[in-house]
Every structure is written in structure tokens, then in C-alpha cells.
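Presented below is the structure to which this report refers.
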Amino acid sequence: MFNLLANINFRVTRLLLNVNIGVRLFTLMGLAAIVALLLAAAGILGLAASKESLRSVYEDRMVPVQQLAEIAKLMLTNRLLLQVALSEVSIGVGADQHPTLVLDRGVAFLAANAIEKNIKTIGSMWHSYMSTPLTPAEIILANRFAKSRGTFIDEALLPAVVSLRTANYEQTKMLSTTAHALYDHAGPALQALNQLHFDMAREAYTHGVKRYENTRLLALGVLGMAILIMSWLGLILTTSIVNPLQQVIAIFKSISSGQYDAPITIEGRDEISKVMLALRNMQTKLGADEAAIHQLAFYDPLTKLANRRLLRDRLQQALSVSTRNHLYGAVLIIDLDNFKSINDTRGHNVGDRLLVETALRIQSCVRQADTVARLGGDEFIIILVDLSPDEANAALQADRAGAKILAAINQPCMLANQLHHSSASIGLCLFFGQNATINDILKRADTAMYQAKSSGRNTLCFYDPQIQASLETHIALESELRNALPNNQFQLYYQIQMDNLDGVLGAEVLLRWEHPQQGLVLPDRFIPMAEETGLILPIGEWVLRTACEQLKLWAADPVTEKFLLSVNVSARQFRQPDFVDVVGRVLAQTGINPQRLKLELTESLVLHNIVDTIDKMKALNRQGIHFSMDDFGTGYSSLAHLTKLPIQQLKIDRSFVRNIVTNHNDAVIVQTIIGMANNLGVAVIAEGVETEEQRACLERFGCLTYQGYLWGKPMPLREFEELALQVSTT
């Protein structure tokens, strides 16, 4: 056999030597290509047929598993619906005039409808399942479950529907217990049936895998035969110079196109071999340089993740793929919470280690087809591709991926021999085809990330167009707020404060912003913004100074010389280390009687750092300034803290005053606050007084000073002075 092959090889070689080198190469390579294509096509077709057979068998077998799983879920849902209905109860009066528990009729009715619907759905699915051909083992288990299911429905669910619609708590509770027991009895039968189907599906899958492997081995054999034939044809050209020259040309082309990994085989020591050797050395050097350049151009040097440039390229590819395959994708922006404090307190080396560890954890949570990038600092971006074609399912898939990433980041890690716990805020934005630009998608995900941070951090938020519109409005208003104070757009409004004898005590000053285009902007829109940006500090000082200057003017008039002014102090303003000095400087510059000035603090502000708060309040008390605790009763202050605070007044919050006449609980709370204040020797004032009935009720409880719409809304200075003069002269 060997001699026969050698003889054939010799005769073919002699024949080819008589023809042109190009024709020789074309003929041999064409023949090799035809043989390879034919054999490879046969193998590929076999693999495709085997794979399709495997997929079909596996999916057909999994249909009953999915049906039974859905039935199990609906049965569990019915049981949970009973528990939900039982959790929504109220106290009613029974036939014997004794208190009894009554179900919430709305919740119970909805639960009854849902249970009935689920019963019908289960029946329909079970009928569909039983209509398919079943094995004897399946029939036995199916009959066992059908009997348990019938008992579960007849003895528990259907009676429970009736009791739910009558809002009968005791009967529903009893039937819920029965349903629990019957569900536990029916569950093993359904589980056994489901497991039987799953085992059969797995057996079918195993059989398909074996068939696939056999086909694969056949295909490998076919490809091996093709390689042998092509190798034999290649041997015929070994005496020719064409092959080395073609290899040289191919290498030059690959180098010119930027491919530096093409193998170079050197045989012999002739001139062509020396050229090949020089090419290989050049190729190695160029390949190393290209790899280094590519790494620097497209990857983050610290974490080895994709950088901004590669991210945008991958995102553009993802948009194109989404357009072709009609599948959703998602972009997640991850920002580590409180990362700056780690850099500041433990050094940048520790911060870098945390970034590297975070990058590894994120990569472990995504698929190979997804992209993880770092844009700098502690911000990471993930591109999820090939999600569901349904938006709701795609959102669920992306949410699960985000939750997995959050859980991975939350795991403690060791940094510089110290255990560190980290968290992150994640913003998520779905995309579909070319429905948005790259910049829009990144902007939306960034908006969602900031929403996650404002929601308490360590959470994930989806992009909401309304949030984006609100954010853009917020940014524009913030920019205009920076010019409000220099442009004299702020003014103080005054709300009168009265005593029980209709005497004017003074007023609370309230800040208003006269916007050039929007008109009057209320504090709840711009004060939080001023707090965030730090603008509250110069604004707060302006309010304090303006109020003191007004007190100075009033001191010259006998009608107004005894007026008091209450000024609200923000948390950020009060927590400044130099707050006491700022107040002292304003008092010295305006020269007012400090006893005419009252600073209002909220409960949350006071209790933030109780020691620092007490020190500052005592320092200002020594200067003659009094304090009022604003919105008292809405926070979480304790009597132990309250007795330590140098407070001269408690302000009862308007939420208690509003229903004091009609709501017994609010009346009791107000009485308690007034009694506690009297026992502590602290004055009390009620805000939000709008009716004479409320004022009379407060007076009866012992509160003798008031503020509210009964006497006047917050108003400009001139209107307030006219009102105060009118009240004082009547």
C-alpha cells in the first residue's frame, strides 16, 4: 500500500513539473479546496441535523415540566392570597355586640376573584397536560395528584372563596389552615410527577448528547481526512519555489493589515529562508508594540477593563446588534458609595485595591458577551446584550443582573489587613435598536444612578424620563439660584405671631425668591438645592443679617420696639464650625438687642450631634439669643435629650393643630406637649392655627401664643407692618 501511494505521488509530481507554476498551484489548491469543502459541508450538515434533533427532543420533553411548574406556582399563589386577605383585617362588632375581626372587603374580594381565576387556569392547564400521551408511571402519579388537587380545591379553596366574599375572618382563617395542610399533602405528588418528567427530559437530553457526540466525532474524522488529503497535495509542491514565495507575500500582507500573529515556518537555509527569518523577527516586535498600544488605547491600566473609547465602540456595536436581532440591551452605571472617604482616610493605594477587587467582582457577575468598563474614579459601566425581546422581561433580566452585582460588591473584602464593607449605587437604562444615541443612553443611566444615590444608596434605580426632565429643571434652577443673592432677588416675608389677648408678639421671617421669569419661588423648591450646593451658608447669613437690621429699625418705634423675630437656621448652616462667630459678628454689626432674636431649629438638626449642638446653643444663649424647636412632635427626640437642651420655646407642628378639634389623638398629643413644656419651664407656640375653634382649643389646653392663617399668611414687610399696626390699635 505504501509503495502504491509513493508511486502515485511520484507520477503526479512529474506531471505537474511540466506545467506553469501558477497553473500548478491553482490546480492543486483548487482540488484541495473542493475536497475540503465537500467533506466539511458533509460534517457541518451532520452536526446541524444532530443539534436540531437534540434541541427539538429537549424542548418537547420540557413542556410538561414547565406546565407542572406553573400549576405548582398557581397553587402556592392561592395559598398566599388567603394569607394576604387574612393580613388585612379590622375590628368590627359581632351579633353578640362583642368586638370581632372582619376582613377588608376590598382585599378579600380581589383575593377571591384571583383564587377563582387561578383554579380555572390550573384546571385548563391540567386538562391540557392530561390530553397528552402519558406513560403508565405518569398516569399513576397524575391520578394521585389529581385526587389531592381536587380535595385541595373542594375542601379548602372553593369554601374559602365563599368566606372571603362574606368577609368572614374566622371561617377564612380556618380554611386557610385547611388549605395549608392540603397543599402540603398535594405538593409531594406534584413534585414527584414533575421530577418524573424532568428525569425523562434529562434522559432524552443525554441520548441527544450522545448522538451529537457521535456526529461530532464523525465530523472530526471527515475534517481529518480533508487535512490529510490537503497535506498530501501540499507535499507535491515541496520541490517548487511557489509555496515559500506565496508565504512571504502573505506575511507582508498580514503585517500591512495589522495582523502580527500569523505563523511563519522556516525550512532550509537559503535566501528565502533568511528573508522569512527577518520577517519573523520584525513581526514579533511589531506585534508586541501593537499589543501595548492597543492596551493603552482601549483599556484602563488599573483594572484592565475597557476604557471610555472602547466602551463607546462596544455600545455602538450593541445598538447595531439590537437593531438586527430585535433584542433589548441595557447599560448600568455603577458608582461606589463613599469611595472618596476611603481615599482620603486610608490612602490611594487602598482605594486602588478596592477598585481592582470591585472590577473582578463585577466581571464575575456578567456574561462573556457583556462589556465591563471603567471610566475613571469609582465609576464603572456595564453593557448587557441579547436580553429579552419583551421590555418587561428585559427589565427583569437587567434588574437581576444589577441585584447580583450589588450583592457581590456588598461582600466584605480585606484591604490592607482590615475588613472593608462596600456598597454601590446603580443606575440602569434599557435600549432597543437605535431608539437613542450613545450620549442619551449614558445620560439616562447616569440620571438613574443619581436617583439611586438620593434614594439612600446601595440600591438600583431604572431610568425614568420624568426624573430626567425634573433633573434638567433642577440643574437650570440651581444655576439661576447662584445669581439670586448677588442680584437681590431674595426677600423676607413675615408671618405674624399673636398671644391669647390678641397682642402682637412679632413674626417668623420666611425666605422667598422672586425669580425674574417664574415669579415667587417657595422655599421647598430652592432650600434643599441651596443645602446641597452650600449656597445656604451665604443665603442664611443674609437672612440673619436682614432680620437683625429690621429689628434695629423697629427698635426706634415704640409700637414695634418689643417685636420678636424668629429666624429658621438650616442644618448645614448650624453645623458650620464658625456658626457662633457668624451670629456674634452680625449682632455686633447691627447692634440689636439679642433678646429680640429667636433662632428656630428642627428636631433632626438638634439631635445630629447633641454635644456640639448644646455647646453652640449655650454659647449663643450667653449672648442673649433664645431658641425655639420647630416642628416639635414630628421627630424622634427623647425626654433625656430635651431636658439637656437650652431651649426656651417649643413650636407645636401644624400637623397636630390641623385636626385638634376633631381628632382625639391629635388633641391628646398637643395636651401632652403643652404639659411637658410647662413642667420643663419652656414656652410653647402653635403654628398652623387657621380657625377660632383651633385657637380656643389650644388656649383651653394652656397654649397662649399662636401663628397661622387665622391672623395672616406670610406677607411682605409693608403688609406685615400695616397688619401689626392695625391689630395693635384695635
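Going through the C-alpha cells in order, the chains are called A, B, and so on, while each chain numbers its residues from 1 and the ligands are numbered from 1 in the order shown.
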Contacts of Ile71 in chain A at 10 Å (only C-alpha atoms; same-chain gap of 4+ positions) as a ChimeraX atom specification: /A:65-67,75-77,118-119,121-126,190
Taking the backbone alone, and naming residues the way the document does, which bits of range 536-693 of chain A are alpha helix (DSSP H) by DSSP, as a CSV table (one decimal) with N, CA and C atoms, in the first residue's frame?
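Okay, result-v3.csv is ready:
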```csv
chain,number,residue,atom,x,y,z
A,536,ILE,N,-26.6,77.7,50.9
A,536,ILE,CA,-27.4,78.0,52.1
A,536,ILE,C,-26.5,78.9,53.1
A,537,LEU,N,-25.2,78.7,53.1
A,537,LEU,CA,-24.4,79.5,54.0
A,537,LEU,C,-24.5,81.0,53.8
A,538,PRO,N,-24.2,81.5,52.6
A,538,PRO,CA,-24.3,82.9,52.4
A,538,PRO,C,-25.8,83.4,52.4
A,539,ILE,N,-26.7,82.5,51.9
A,539,ILE,CA,-28.1,82.9,52.0
A,539,ILE,C,-28.6,83.0,53.4
A,540,GLY,N,-28.2,82.0,54.3
A,540,GLY,CA,-28.6,82.0,55.7
A,540,GLY,C,-28.1,83.2,56.4
A,541,GLU,N,-26.8,83.6,56.1
A,541,GLU,CA,-26.2,84.8,56.8
A,541,GLU,C,-27.0,86.0,56.3
A,542,TRP,N,-27.4,86.1,55.0
A,542,TRP,CA,-28.1,87.2,54.6
A,542,TRP,C,-29.5,87.3,55.3
A,543,VAL,N,-30.2,86.2,55.4
A,543,VAL,CA,-31.4,86.2,56.2
A,543,VAL,C,-31.3,86.7,57.6
A,544,LEU,N,-30.2,86.2,58.3
A,544,LEU,CA,-30.0,86.6,59.6
A,544,LEU,C,-29.7,88.1,59.7
A,545,ARG,N,-28.8,88.5,58.8
A,545,ARG,CA,-28.4,90.0,58.9
A,545,ARG,C,-29.6,90.9,58.5
A,546,THR,N,-30.4,90.5,57.5
A,546,THR,CA,-31.6,91.3,57.2
A,546,THR,C,-32.6,91.4,58.3
A,547,ALA,N,-32.8,90.2,59.0
A,547,ALA,CA,-33.7,90.2,60.1
A,547,ALA,C,-33.2,91.1,61.2
A,548,CYS,N,-31.9,91.0,61.5
A,548,CYS,CA,-31.4,91.9,62.6
A,548,CYS,C,-31.5,93.4,62.2
A,549,GLU,N,-31.2,93.7,60.9
A,549,GLU,CA,-31.3,95.1,60.5
A,549,GLU,C,-32.8,95.6,60.7
A,550,GLN,N,-33.8,94.7,60.4
A,550,GLN,CA,-35.2,95.1,60.6
A,550,GLN,C,-35.5,95.3,62.1
A,551,LEU,N,-34.9,94.4,62.9
A,551,LEU,CA,-35.1,94.6,64.4
A,551,LEU,C,-34.5,96.0,64.8
A,552,LYS,N,-33.4,96.3,64.2
A,552,LYS,CA,-32.8,97.6,64.6
A,552,LYS,C,-33.7,98.8,64.2
A,553,LEU,N,-34.3,98.7,63.0
A,553,LEU,CA,-35.2,99.7,62.6
A,553,LEU,C,-36.5,99.8,63.5
A,554,TRP,N,-37.0,98.6,63.9
A,554,TRP,CA,-38.2,98.6,64.8
A,554,TRP,C,-37.9,99.1,66.2
A,571,ALA,N,-29.7,73.0,58.8
A,571,ALA,CA,-28.8,72.1,59.4
A,571,ALA,C,-27.4,72.4,59.0
A,572,ARG,N,-27.2,72.6,57.7
A,572,ARG,CA,-25.8,72.8,57.2
A,572,ARG,C,-25.2,74.1,57.8
A,573,GLN,N,-26.1,75.1,57.9
A,573,GLN,CA,-25.7,76.4,58.5
A,573,GLN,C,-25.3,76.2,59.9
A,574,PHE,N,-26.1,75.6,60.7
A,574,PHE,CA,-25.8,75.4,62.1
A,574,PHE,C,-24.6,74.6,62.4
A,579,PHE,N,-20.3,78.9,63.2
A,579,PHE,CA,-21.7,79.5,63.2
A,579,PHE,C,-21.8,80.5,64.4
A,580,VAL,N,-21.3,80.1,65.5
A,580,VAL,CA,-21.5,81.0,66.7
A,580,VAL,C,-20.8,82.4,66.4
A,581,ASP,N,-19.6,82.3,65.8
A,581,ASP,CA,-18.9,83.5,65.4
A,581,ASP,C,-19.6,84.4,64.4
A,582,VAL,N,-20.2,83.7,63.4
A,582,VAL,CA,-21.0,84.4,62.4
A,582,VAL,C,-22.2,85.2,63.1
A,583,VAL,N,-22.9,84.5,63.9
A,583,VAL,CA,-24.0,85.1,64.6
A,583,VAL,C,-23.6,86.3,65.5
A,584,GLY,N,-22.5,86.1,66.2
A,584,GLY,CA,-21.9,87.1,67.0
A,584,GLY,C,-21.5,88.3,66.2
A,585,ARG,N,-20.9,88.1,65.1
A,585,ARG,CA,-20.5,89.2,64.2
A,585,ARG,C,-21.7,90.0,63.7
A,586,VAL,N,-22.8,89.3,63.3
A,586,VAL,CA,-24.0,90.0,62.8
A,586,VAL,C,-24.6,90.8,64.0
A,587,LEU,N,-24.6,90.3,65.2
A,587,LEU,CA,-25.2,91.0,66.3
A,587,LEU,C,-24.4,92.3,66.6
A,588,ALA,N,-23.0,92.1,66.5
A,588,ALA,CA,-22.2,93.3,66.8
A,588,ALA,C,-22.3,94.4,65.8
A,589,GLN,N,-22.4,93.9,64.5
A,589,GLN,CA,-22.5,94.9,63.4
A,589,GLN,C,-23.9,95.6,63.4
A,590,THR,N,-24.9,94.9,63.7
A,590,THR,CA,-26.3,95.6,63.7
A,590,THR,C,-26.6,96.2,65.0
A,603,GLU,N,-36.0,69.3,65.1
A,603,GLU,CA,-35.5,68.2,66.0
A,603,GLU,C,-34.4,67.4,65.4
A,604,SER,N,-34.4,67.1,64.1
A,604,SER,CA,-33.4,66.3,63.5
A,604,SER,C,-32.1,67.0,63.5
A,605,LEU,N,-32.1,68.3,63.4
A,605,LEU,CA,-30.8,69.1,63.4
A,605,LEU,C,-30.3,69.1,64.8
A,606,VAL,N,-31.1,69.3,65.8
A,606,VAL,CA,-30.7,69.3,67.2
A,606,VAL,C,-30.0,68.0,67.7
A,610,ILE,N,-25.5,65.9,69.5
A,610,ILE,CA,-26.1,66.5,70.6
A,610,ILE,C,-25.1,67.3,71.4
A,611,VAL,N,-23.8,66.8,71.5
A,611,VAL,CA,-22.8,67.5,72.3
A,611,VAL,C,-22.5,68.9,71.7
A,612,ASP,N,-22.2,68.8,70.4
A,612,ASP,CA,-21.8,70.0,69.6
A,612,ASP,C,-23.0,71.0,69.6
A,613,THR,N,-24.2,70.5,69.5
A,613,THR,CA,-25.4,71.3,69.5
A,613,THR,C,-25.6,72.1,70.8
A,614,ILE,N,-25.4,71.4,71.9
A,614,ILE,CA,-25.6,72.0,73.2
A,614,ILE,C,-24.5,73.1,73.4
A,615,ASP,N,-23.3,72.8,73.0
A,615,ASP,CA,-22.2,73.8,73.2
A,615,ASP,C,-22.5,75.1,72.4
A,616,LYS,N,-23.0,74.9,71.2
A,616,LYS,CA,-23.3,76.1,70.4
A,616,LYS,C,-24.5,76.9,70.9
A,617,MET,N,-25.5,76.1,71.3
A,617,MET,CA,-26.7,76.8,71.8
A,617,MET,C,-26.4,77.6,73.1
A,618,LYS,N,-25.6,77.0,74.0
A,618,LYS,CA,-25.2,77.6,75.3
A,618,LYS,C,-24.4,78.9,75.0
A,619,ALA,N,-23.5,78.8,74.0
A,619,ALA,CA,-22.7,79.9,73.7
A,619,ALA,C,-23.5,81.1,73.2
A,620,LEU,N,-24.6,80.8,72.4
A,620,LEU,CA,-25.5,81.8,71.9
A,620,LEU,C,-26.4,82.3,72.9
A,621,ASN,N,-26.8,81.4,73.9
A,621,ASN,CA,-27.6,81.8,75.0
A,621,ASN,C,-26.9,82.9,75.8
A,622,ARG,N,-25.6,82.7,76.0
A,622,ARG,CA,-24.8,83.6,76.8
A,622,ARG,C,-24.8,85.0,76.1
A,639,LEU,N,-37.0,62.6,75.9
A,639,LEU,CA,-37.0,63.5,77.0
A,639,LEU,C,-35.6,63.7,77.6
A,640,ALA,N,-34.8,62.6,77.6
A,640,ALA,CA,-33.5,62.7,78.1
A,640,ALA,C,-32.7,63.8,77.4
A,641,HIS,N,-32.8,63.9,76.1
A,641,HIS,CA,-32.1,64.9,75.3
A,641,HIS,C,-32.8,66.3,75.5
A,642,LEU,N,-34.1,66.3,75.5
A,642,LEU,CA,-34.8,67.5,75.6
A,642,LEU,C,-34.5,68.3,76.9
A,643,THR,N,-34.3,67.6,78.0
A,643,THR,CA,-34.0,68.2,79.2
A,643,THR,C,-32.6,68.8,79.3
A,644,LYS,N,-31.7,68.3,78.4
A,644,LYS,CA,-30.4,68.9,78.3
A,644,LYS,C,-30.2,70.1,77.5
A,654,ARG,N,-47.9,72.0,62.8
A,654,ARG,CA,-49.2,72.3,62.2
A,654,ARG,C,-50.0,71.0,61.9
A,655,SER,N,-49.2,69.8,61.8
A,655,SER,CA,-49.9,68.6,61.5
A,655,SER,C,-50.8,68.1,62.7
A,656,PHE,N,-50.4,68.5,63.9
A,656,PHE,CA,-51.2,68.2,65.1
A,656,PHE,C,-52.3,69.2,65.3
A,657,VAL,N,-52.1,70.5,64.9
A,657,VAL,CA,-53.0,71.6,65.1
A,657,VAL,C,-54.2,71.4,64.2
A,664,HIS,N,-59.2,63.1,68.4
A,664,HIS,CA,-58.9,62.9,69.8
A,664,HIS,C,-57.4,62.7,70.0
A,665,ASN,N,-56.8,61.9,69.1
A,665,ASN,CA,-55.4,61.5,69.3
A,665,ASN,C,-54.5,62.8,69.2
A,666,ASP,N,-54.8,63.6,68.2
A,666,ASP,CA,-54.0,64.9,68.0
A,666,ASP,C,-54.2,65.8,69.2
A,667,ALA,N,-55.4,65.8,69.7
A,667,ALA,CA,-55.7,66.7,70.9
A,667,ALA,C,-54.9,66.2,72.1
A,668,VAL,N,-54.8,64.9,72.3
A,668,VAL,CA,-54.0,64.3,73.4
A,668,VAL,C,-52.5,64.6,73.2
A,669,ILE,N,-52.0,64.5,72.0
A,669,ILE,CA,-50.6,64.8,71.7
A,669,ILE,C,-50.3,66.3,72.0
A,670,VAL,N,-51.2,67.2,71.6
A,670,VAL,CA,-51.0,68.6,71.9
A,670,VAL,C,-51.0,68.9,73.4
A,671,GLN,N,-52.0,68.3,74.1
A,671,GLN,CA,-52.0,68.4,75.5
A,671,GLN,C,-50.8,67.9,76.2
A,672,THR,N,-50.3,66.8,75.7
A,672,THR,CA,-49.0,66.2,76.3
A,672,THR,C,-47.8,67.2,76.1
A,673,ILE,N,-47.7,67.7,74.9
A,673,ILE,CA,-46.6,68.6,74.6
A,673,ILE,C,-46.7,69.9,75.5
A,674,ILE,N,-47.9,70.4,75.6
A,674,ILE,CA,-48.0,71.6,76.4
A,674,ILE,C,-47.7,71.4,77.8
A,675,GLY,N,-48.3,70.2,78.4
A,675,GLY,CA,-48.0,69.9,79.8
A,675,GLY,C,-46.5,69.6,80.0
A,676,MET,N,-45.9,68.9,79.1
A,676,MET,CA,-44.4,68.7,79.2
A,676,MET,C,-43.6,70.0,79.2
A,677,ALA,N,-44.0,70.9,78.3
A,677,ALA,CA,-43.3,72.2,78.2
A,677,ALA,C,-43.5,73.0,79.5
A,678,ASN,N,-44.7,73.0,80.0
A,678,ASN,CA,-44.9,73.7,81.2
A,678,ASN,C,-44.1,73.2,82.4
A,679,ASN,N,-44.0,71.8,82.5
A,679,ASN,CA,-43.3,71.2,83.5
A,679,ASN,C,-41.8,71.5,83.4
A,680,LEU,N,-41.3,71.6,82.2
A,680,LEU,CA,-39.9,71.9,82.0
A,680,LEU,C,-39.6,73.4,82.0
A,692,GLU,N,-60.9,79.8,64.6
A,692,GLU,CA,-61.1,80.3,66.0
A,692,GLU,C,-61.3,79.1,66.9
A,693,GLU,N,-61.9,78.0,66.4
A,693,GLU,CA,-62.1,76.8,67.2
A,693,GLU,C,-60.7,76.2,67.6
```
Polymer residues at most 6 Å from Gln495 in chain A, only C-alpha atoms, same-chain spacing of 2 or more positions, as an MDAnalysis selection string: chainID A and resid 507:508 713:714
Those selected residues, please, written with N, CA and C atoms and delivered as a CSV table (one decimal), in the first residue's frame.
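Contents of result.csv, freshly written:
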```csv
chain,number,residue,atom,x,y,z
A,507,ALA,N,-43.0,88.1,64.7
A,507,ALA,CA,-43.2,87.4,63.5
A,507,ALA,C,-42.1,86.3,63.3
A,508,GLU,N,-42.4,85.4,62.4
A,508,GLU,CA,-41.4,84.4,61.9
A,508,GLU,C,-41.0,84.9,60.5
A,713,LYS,N,-51.4,85.3,56.5
A,713,LYS,CA,-50.4,84.4,55.8
A,713,LYS,C,-49.0,85.2,55.9
A,714,PRO,N,-47.9,84.5,55.5
A,714,PRO,CA,-46.6,85.2,55.3
A,714,PRO,C,-46.8,86.3,54.3
```
Shortest interatomic distance to Ala452 in chain A - which of A:Leu332, A:Ala724, A:Ala167, A:Leu86, counting only C-alpha atoms: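 Looking only at the distances to Ala452 in chain A, the closest residue turns out to be A:Leu332.
One distance worth recording is that between CA of Ile652 in chain A and CA of Leu565 in chain A, which is 17.5 Å.
For the residues A:Val682, A:Met200, A:Ile34, A:Val89, ranking by smallest atom-to-atom distance to Asp104 in chain A using only C-alpha atoms places A:Val89 first.
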Residue contacts of Trp711 in chain A (9 Å, only C-alpha atoms) excluding same-chain residues fewer than 4 positions away, as a list of chain:residue names: A:Gln495, A:Ile496, A:Gln497, A:Met498, A:Val689, A:Glu690, A:Gln707, A:Leu723
Gap from CA of Arg374 in chain A to CA of Ala306 in chain A - Å, one decimal: 6.4 Å
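When DSSP reads the backbone of this structure, the residues of range 263-416 of chain A it assigns to strand (DSSP E) are Gly329, Ala330, Val331, Leu332, Ile333, Ile334, Asp335, Leu336, Thr371, Val372, Ala373, Arg374, Leu375, Gly376, Glu379, Phe380, Ile381, Ile382, Ile383, Leu384, Cys413, Met414 and Leu415 of chain A.
Taking only C-alpha atoms into account, Gly351 in chain A lies nearest to A:Ser422 out of the set A:Ser422, A:Glu532, A:Leu310, A:Ala683.
Among A:Leu354, A:Val102, A:Ala484, A:Ala204, the residue with the shortest atom-to-atom distance to Thr166 in chain A, counting only C-alpha atoms, is A:Val102.
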Who sits within 10 Å of Ala369 in chain A, only C-alpha atoms, same chain under 2 positions skipped, as a PDB file with N, CA, C and O atoms, in the first residue's frame:
```
ATOM      1  N   VAL A 366     -21.266  38.922  35.159  1.00  0.00           N
ATOM      2  CA  VAL A 366     -21.820  39.132  33.816  1.00  0.00           C
ATOM      3  C   VAL A 366     -21.327  38.043  32.869  1.00  0.00           C
ATOM      4  O   VAL A 366     -20.413  37.283  33.191  1.00  0.00           O
ATOM      5  N   ARG A 367     -21.935  38.016  31.693  1.00  0.00           N
ATOM      6  CA  ARG A 367     -21.576  37.009  30.698  1.00  0.00           C
ATOM      7  C   ARG A 367     -20.367  37.474  29.882  1.00  0.00           C
ATOM      8  O   ARG A 367     -19.996  38.647  29.915  1.00  0.00           O
ATOM      9  N   THR A 371     -20.043  43.699  28.319  1.00  0.00           N
ATOM     10  CA  THR A 371     -18.860  44.551  28.425  1.00  0.00           C
ATOM     11  C   THR A 371     -18.849  45.255  29.771  1.00  0.00           C
ATOM     12  O   THR A 371     -19.866  45.808  30.197  1.00  0.00           O
ATOM     13  N   VAL A 372     -17.690  45.216  30.429  1.00  0.00           N
ATOM     14  CA  VAL A 372     -17.489  45.956  31.678  1.00  0.00           C
ATOM     15  C   VAL A 372     -16.400  46.981  31.440  1.00  0.00           C
ATOM     16  O   VAL A 372     -15.330  46.649  30.924  1.00  0.00           O
ATOM     17  N   ILE A 383     -22.395  46.979  29.830  1.00  0.00           N
ATOM     18  CA  ILE A 383     -23.328  46.848  28.710  1.00  0.00           C
ATOM     19  C   ILE A 383     -23.813  45.400  28.680  1.00  0.00           C
ATOM     20  O   ILE A 383     -23.022  44.478  28.479  1.00  0.00           O
ATOM     21  N   LEU A 384     -25.105  45.206  28.917  1.00  0.00           N
ATOM     22  CA  LEU A 384     -25.721  43.888  28.827  1.00  0.00           C
ATOM     23  C   LEU A 384     -26.376  43.756  27.447  1.00  0.00           C
ATOM     24  O   LEU A 384     -27.136  44.644  27.033  1.00  0.00           O
ATOM     25  N   VAL A 385     -26.088  42.682  26.754  1.00  0.00           N
ATOM     26  CA  VAL A 385     -26.624  42.495  25.402  1.00  0.00           C
ATOM     27  C   VAL A 385     -27.491  41.249  25.355  1.00  0.00           C
ATOM     28  O   VAL A 385     -27.478  40.412  26.262  1.00  0.00           O
ATOM     29  N   ASP A 386     -28.256  41.147  24.263  1.00  0.00           N
ATOM     30  CA  ASP A 386     -29.078  39.962  23.978  1.00  0.00           C
ATOM     31  C   ASP A 386     -30.020  39.630  25.128  1.00  0.00           C
ATOM     32  O   ASP A 386     -30.126  38.479  25.569  1.00  0.00           O
TER      33      ASP A 386
END
```
